[in-house]
Amino acid sequence: MSWKENVRQVEPYTPGEQPKEQNVIKLNTNENPYGPSERVQNCIMDYDLLRKYPDPAALDLVNALAEYHHVDPAQVFVGVGSDDVLGMAFLTFFNSDRPILFPDITYSFYPVWAELYRIPTRTPALTEDFRIDPSDYRLENGGVVFPNPNAPTARLLPLEEVEQIISANPDVVVIVDEAYIDFAPEGSSALSLVDKYDNLLVVRTFSKSRSMAGLRIGYAIGQKELIACMQAVKYSYNSYTMNRPSILYGCASVADDAYFRETTGKITATREWFTKELTDLGFQVIPSAANFVFASHGTIPAEEIFIKARERGIFFRYFKQPRIDNYLRITIGTDEEMRVVADFLKNNLT
């Protein structure tokens with residue numbers, strides 16, 4: 001018998017390409033084109049403290065987030081990026097023999113965690129125009145998870161329809177993954193429903209709207225009992241997940257709300273301008289509430305555009321998957337970057 005027979009076999013998540021070249025326009029991983037807040041950049045750290053373990057509860061960051069969102073600190077869970085938080089939530093809440101539900105076109109880490117933790121799944125199909133249909137989530141299940149706005153489609157599910165899914169599943173945990181919600185219209189977040197539903201967990205990240213993908217900060221908000229369950233699993237797995245710099249810089253970012261609103265506002269304005277440019281060039285663009293657009297050209301295959309753009313140092317995300325293999329996901333960069341992209345497309349769509 002070989003040790004290989006006991007290795008857990010998993011189809012891993014494939015992250016977006018991280019090009020090594022300089023002077024490229026990188027629009028394939030939904031990073032923020034603007035740097036973090038000056039408050040983050042001006043933080044002074046006592047580096048001698050790095051020889052000591054960080055606070056396992058990351059209370060400074062937990063308290064900052066609780067104050068910002070007007071919730072009790074016991075309602076906040078922090079982790080190493082929202083992927084860590086989501087993975088911990090899968091491990092904590094999805095433990096029945098019934099399948100969990102998530103859309104057939106969605107964040108591609110969900111099936112990876114499900115396979116890793118041996119969680120059965122069922123994937124209701126998005127509608128023809130890539131909408132989540134709440135009626136598809138009335139099936140018997142062991143839990144529900146979906147991004148809002150969805151990825152990679154960028155579509156926003158209206159809050160009343162989000163609530164329909166939560167209220168239809170009172171006996172399981174419903175996770176709403178809000179990685180891109182800060183680019184959606186105000187009032188779209190399911191955080192307003194947390195006090196109403198004890199089965200709702202809302203997950204957020206600092207990677208997109210707060211320009212801190214390189215530090216890996218994510219968090220979840222739910223009622224106290226849900227958070228306590230996640231903490232128990234965390235402390236049985238790894239108590240020191242959040243490092244000192246992340247706690248320090250995370251608190252500084254939360255404190256600078258003006259900068260946060262300024263940069264998200266710039267990105268959404270650029271998104272609307274770029275959407276019109278794409279439409280004028282013959283693209284079908286799915287209405288976006290995120291910091292990216294999902295677009296398909298009427299006559300030129302997406303893979304062809306993807307390859308040509310890459311040759312010019314412009315990186316888009318292309319998914320060679322059923323139903324979406326003729327779409328490109330294009331992160332919104334600076335105005336200057338998006339003008340270069342628009343000019344490239346104008347000159348190459350022939």
# chains A, B, ... in the order shown; residues from 1 in each chain; ligands from 1
>>> select_by_dssp(residues="stretch 89-140 of chain A", states="strand (DSSP E)", output="MDAnalysis selection string")
chainID A and resid 100:101 121:122
>>> residues_around(residues="stretch 209-225 of chain A", least_positions_apart="2", cutoff="6 Å", atoms="only C-alpha atoms", output="mmCIF file with N, CA and C atoms, in the first residue's frame")
data_model
loop_
_atom_site.group_PDB
_atom_site.id
_atom_site.type_symbol
_atom_site.label_atom_id
_atom_site.label_comp_id
_atom_site.auth_asym_id
_atom_site.auth_seq_id
_atom_site.Cartn_x
_atom_site.Cartn_y
_atom_site.Cartn_z
ATOM 1 N N ASN A 32 -7.929 46.868 -6.590
ATOM 2 C CA ASN A 32 -8.233 48.291 -6.629
ATOM 3 C C ASN A 32 -7.065 49.028 -7.282
ATOM 4 N N GLY A 35 -4.077 53.194 -4.422
ATOM 5 C CA GLY A 35 -3.401 52.696 -3.230
ATOM 6 C C GLY A 35 -4.271 52.840 -1.995
ATOM 7 N N PRO A 36 -3.842 52.212 -0.899
ATOM 8 C CA PRO A 36 -4.598 52.340 0.345
ATOM 9 C C PRO A 36 -4.538 53.760 0.901
ATOM 10 N N ALA A 74 -19.147 41.140 19.437
ATOM 11 C CA ALA A 74 -19.384 39.697 19.428
ATOM 12 C C ALA A 74 -20.072 39.226 18.152
ATOM 13 N N GLN A 75 -20.436 40.167 17.289
ATOM 14 C CA GLN A 75 -21.053 39.821 16.008
ATOM 15 C C GLN A 75 -20.048 39.842 14.848
ATOM 16 N N VAL A 76 -18.766 40.034 15.156
ATOM 17 C CA VAL A 76 -17.742 40.188 14.116
ATOM 18 C C VAL A 76 -16.700 39.077 14.215
ATOM 19 N N PHE A 77 -16.403 38.479 13.077
ATOM 20 C CA PHE A 77 -15.341 37.478 12.954
ATOM 21 C C PHE A 77 -14.354 37.979 11.910
ATOM 22 N N VAL A 78 -13.050 37.944 12.205
ATOM 23 C CA VAL A 78 -12.055 38.382 11.220
ATOM 24 C C VAL A 78 -11.163 37.212 10.816
ATOM 25 N N GLY A 79 -10.644 37.288 9.592
ATOM 26 C CA GLY A 79 -9.782 36.219 9.090
ATOM 27 C C GLY A 79 -8.818 36.727 8.043
ATOM 28 N N VAL A 80 -8.024 35.818 7.514
ATOM 29 C CA VAL A 80 -6.963 36.163 6.573
ATOM 30 C C VAL A 80 -7.563 36.215 5.160
ATOM 31 N N GLY A 81 -8.205 37.333 4.865
ATOM 32 C CA GLY A 81 -8.939 37.478 3.624
ATOM 33 C C GLY A 81 -10.306 36.829 3.733
ATOM 34 N N SER A 82 -11.219 37.217 2.864
ATOM 35 C CA SER A 82 -12.557 36.625 2.934
ATOM 36 C C SER A 82 -12.533 35.147 2.554
ATOM 37 N N VAL A 194 -29.169 41.437 9.340
ATOM 38 C CA VAL A 194 -28.490 40.553 10.304
ATOM 39 C C VAL A 194 -29.262 40.428 11.606
ATOM 40 N N ASP A 198 -31.375 34.972 12.373
ATOM 41 C CA ASP A 198 -30.271 34.361 13.117
ATOM 42 C C ASP A 198 -29.478 33.370 12.279
ATOM 43 N N LEU A 201 -25.211 35.050 7.602
ATOM 44 C CA LEU A 201 -23.821 35.449 7.765
ATOM 45 C C LEU A 201 -23.415 36.269 6.546
ATOM 46 N N VAL A 202 -22.946 37.492 6.786
ATOM 47 C CA VAL A 202 -22.505 38.378 5.706
ATOM 48 C C VAL A 202 -20.985 38.463 5.742
ATOM 49 N N VAL A 203 -20.344 38.204 4.608
ATOM 50 C CA VAL A 203 -18.878 38.160 4.530
ATOM 51 C C VAL A 203 -18.383 39.317 3.669
ATOM 52 N N ARG A 204 -17.334 39.997 4.154
ATOM 53 C CA ARG A 204 -16.748 41.146 3.454
ATOM 54 C C ARG A 204 -15.236 40.982 3.340
ATOM 55 N N THR A 205 -14.618 41.831 2.518
ATOM 56 C CA THR A 205 -13.165 41.785 2.330
ATOM 57 C C THR A 205 -12.590 43.192 2.233
ATOM 58 N N PHE A 206 -11.309 43.331 2.592
ATOM 59 C CA PHE A 206 -10.565 44.578 2.401
ATOM 60 C C PHE A 206 -9.840 44.585 1.055
ATOM 61 N N SER A 207 -9.914 43.490 0.308
ATOM 62 C CA SER A 207 -9.093 43.346 -0.891
ATOM 63 C C SER A 207 -9.531 44.245 -2.036
ATOM 64 N N ILE A 227 -21.308 33.668 15.192
ATOM 65 C CA ILE A 227 -19.906 34.057 15.306
ATOM 66 C C ILE A 227 -19.195 33.200 16.347
ATOM 67 N N ALA A 228 -19.865 32.901 17.448
ATOM 68 C CA ALA A 228 -19.266 32.052 18.483
ATOM 69 C C ALA A 228 -18.952 30.664 17.931
ATOM 70 N N SER A 246 -1.539 43.437 9.748
ATOM 71 C CA SER A 246 -2.904 43.460 9.215
ATOM 72 C C SER A 246 -3.875 44.117 10.187
#
>>> residues_around(residues="stretch 332-346 of chain A", least_positions_apart="3", cutoff="6 Å", atoms="only C-alpha atoms", output="PyMOL selection string")
chain A and resi 33+291-292+349
>>> select_by_dssp(residues="stretch 126-296 of chain A", states="helix (DSSP H, G or I)", output="PyMOL selection string")
chain A and resi 134-137+159-167+181-183+190-193+224-235+244-255+257-280
>>> atom_distance(atom1="atom CA of A:Gln321", atom2="atom CA of A:Ile286")
17.2 Å
>>> residues_around(residues="stretch 139-143 of chain A", least_positions_apart="3", cutoff="6 Å", atoms="only C-alpha atoms", output="PyMOL selection string")
chain A and resi 96+98-100+172-174
>>> atom_distance(atom1="atom CA of A:Val85", atom2="atom CA of A:Ala258")
26.3 Å
>>> residues_around(residues="A:Val233", least_positions_apart="3", cutoff="12 Å", atoms="only C-alpha atoms", output="PDB file with N, CA and C atoms, in the first residue's frame")
ATOM      1  N   PHE A  77     -16.403  38.479  13.077  1.00  0.00           N
ATOM      2  CA  PHE A  77     -15.341  37.478  12.954  1.00  0.00           C
ATOM      3  C   PHE A  77     -14.354  37.979  11.910  1.00  0.00           C
ATOM      4  N   VAL A  85     -12.220  33.387   5.762  1.00  0.00           N
ATOM      5  CA  VAL A  85     -13.494  33.495   6.488  1.00  0.00           C
ATOM      6  C   VAL A  85     -14.530  32.551   5.884  1.00  0.00           C
ATOM      7  N   GLY A  87     -13.964  29.858   4.013  1.00  0.00           N
ATOM      8  CA  GLY A  87     -13.560  28.482   4.258  1.00  0.00           C
ATOM      9  C   GLY A  87     -13.913  28.031   5.663  1.00  0.00           C
ATOM     10  N   MET A  88     -13.713  28.931   6.639  1.00  0.00           N
ATOM     11  CA  MET A  88     -14.054  28.603   8.017  1.00  0.00           C
ATOM     12  C   MET A  88     -15.567  28.454   8.185  1.00  0.00           C
ATOM     13  N   ALA A  89     -16.320  29.276   7.466  1.00  0.00           N
ATOM     14  CA  ALA A  89     -17.779  29.179   7.533  1.00  0.00           C
ATOM     15  C   ALA A  89     -18.270  27.860   6.932  1.00  0.00           C
ATOM     16  N   PHE A  90     -17.690  27.444   5.800  1.00  0.00           N
ATOM     17  CA  PHE A  90     -18.038  26.145   5.216  1.00  0.00           C
ATOM     18  C   PHE A  90     -17.780  25.036   6.226  1.00  0.00           C
ATOM     19  N   LEU A  91     -16.605  25.074   6.837  1.00  0.00           N
ATOM     20  CA  LEU A  91     -16.214  24.037   7.787  1.00  0.00           C
ATOM     21  C   LEU A  91     -17.130  24.023   9.012  1.00  0.00           C
ATOM     22  N   THR A  92     -17.585  25.205   9.411  1.00  0.00           N
ATOM     23  CA  THR A  92     -18.405  25.333  10.621  1.00  0.00           C
ATOM     24  C   THR A  92     -19.855  24.942  10.394  1.00  0.00           C
ATOM     25  N   PHE A  93     -20.455  25.419   9.299  1.00  0.00           N
ATOM     26  CA  PHE A  93     -21.908  25.362   9.166  1.00  0.00           C
ATOM     27  C   PHE A  93     -22.438  24.320   8.190  1.00  0.00           C
ATOM     28  N   LEU A 226     -23.847  32.607  15.823  1.00  0.00           N
ATOM     29  CA  LEU A 226     -23.139  32.181  14.618  1.00  0.00           C
ATOM     30  C   LEU A 226     -21.643  32.460  14.738  1.00  0.00           C
ATOM     31  N   ILE A 227     -21.308  33.668  15.192  1.00  0.00           N
ATOM     32  CA  ILE A 227     -19.906  34.057  15.306  1.00  0.00           C
ATOM     33  C   ILE A 227     -19.195  33.200  16.347  1.00  0.00           C
ATOM     34  N   ALA A 228     -19.865  32.901  17.448  1.00  0.00           N
ATOM     35  CA  ALA A 228     -19.266  32.052  18.483  1.00  0.00           C
ATOM     36  C   ALA A 228     -18.952  30.664  17.931  1.00  0.00           C
ATOM     37  N   CYS A 229     -19.827  30.143  17.074  1.00  0.00           N
ATOM     38  CA  CYS A 229     -19.573  28.832  16.458  1.00  0.00           C
ATOM     39  C   CYS A 229     -18.336  28.875  15.575  1.00  0.00           C
ATOM     40  N   MET A 230     -18.181  29.947  14.812  1.00  0.00           N
ATOM     41  CA  MET A 230     -17.006  30.083  13.953  1.00  0.00           C
ATOM     42  C   MET A 230     -15.729  30.239  14.776  1.00  0.00           C
ATOM     43  N   SER A 236      -9.909  25.718  17.216  1.00  0.00           N
ATOM     44  CA  SER A 236      -9.531  24.308  17.144  1.00  0.00           C
ATOM     45  C   SER A 236      -8.643  24.033  15.934  1.00  0.00           C
ATOM     46  N   TYR A 237      -8.441  25.072  15.115  1.00  0.00           N
ATOM     47  CA  TYR A 237      -7.709  24.913  13.857  1.00  0.00           C
ATOM     48  C   TYR A 237      -6.425  25.741  13.847  1.00  0.00           C
ATOM     49  N   ASN A 238      -6.540  27.056  14.104  1.00  0.00           N
ATOM     50  CA  ASN A 238      -5.378  27.942  14.138  1.00  0.00           C
ATOM     51  C   ASN A 238      -5.784  29.212  14.874  1.00  0.00           C
ATOM     52  N   SER A 239      -5.263  29.405  16.070  1.00  0.00           N
ATOM     53  CA  SER A 239      -5.707  30.541  16.880  1.00  0.00           C
ATOM     54  C   SER A 239      -5.112  31.858  16.420  1.00  0.00           C
TER      55      SER A 239
END
>>> atom_distance(atom1="atom CA of A:Tyr34", atom2="atom CA of A:Ser108")
25.8 Å
>>> residues_around(residues="A:Val285", least_positions_apart="4", cutoff="7 Å", atoms="only C-alpha atoms", output="ChimeraX atom specification")
/A:275,279,293-296
>>> write_last_selection(atoms="N, CA, C and O atoms", output="tab-separated table (two decimals), in the first residue's frame")
chain	number	residue	atom	x	y	z
A	275	THR	N	-18.43	51.09	-19.50
A	275	THR	CA	-19.56	50.29	-19.97
A	275	THR	C	-20.15	50.89	-21.23
A	275	THR	O	-20.46	50.17	-22.19
A	279	THR	N	-20.30	49.19	-24.95
A	279	THR	CA	-21.58	49.06	-25.65
A	279	THR	C	-21.49	49.67	-27.04
A	279	THR	O	-21.97	49.09	-28.02
A	293	VAL	N	-16.50	44.54	-15.09
A	293	VAL	CA	-17.62	44.31	-16.00
A	293	VAL	C	-17.46	42.93	-16.63
A	293	VAL	O	-16.35	42.39	-16.71
A	294	PHE	N	-18.57	42.39	-17.07
A	294	PHE	CA	-18.61	41.07	-17.70
A	294	PHE	C	-19.23	41.28	-19.07
A	294	PHE	O	-20.40	41.67	-19.18
A	295	ALA	N	-18.42	41.07	-20.12
A	295	ALA	CA	-18.84	41.53	-21.44
A	295	ALA	C	-18.54	40.51	-22.53
A	295	ALA	O	-17.55	39.77	-22.47
A	296	SER	N	-19.39	40.51	-23.55
A	296	SER	CA	-19.24	39.61	-24.69
A	296	SER	C	-19.45	40.41	-25.97
A	296	SER	O	-20.41	41.17	-26.08
>>> closest_residue(among="A:Asp325, A:Phe94, A:Val7, A:Thr264", to="A:Arg118", atoms="only C-alpha atoms")
A:Phe94
>>> residues_around(residues="stretch 41-43 of chain A", least_positions_apart="4", cutoff="10 Å", atoms="only C-alpha atoms", output="list in words")
Gly35, Pro36, Ser37, Pro245, Leu248, Tyr249, Ala252 and Ser253 of chain A
>>> closest_residue(among="A:Lys276, A:Lys20, A:Lys26, A:Arg8", to="A:Arg317", atoms="only C-alpha atoms")
A:Lys26
>>> closest_residue(among="A:Ala302, A:Ile267, A:Leu49, A:Val10", to="A:Phe319", atoms="only C-alpha atoms")
A:Ala302
>>> closest_residue(among="A:Asn28, A:Thr106, A:Gln18, A:Asn150", to="A:Phe306", atoms="only C-alpha atoms")
A:Asn28
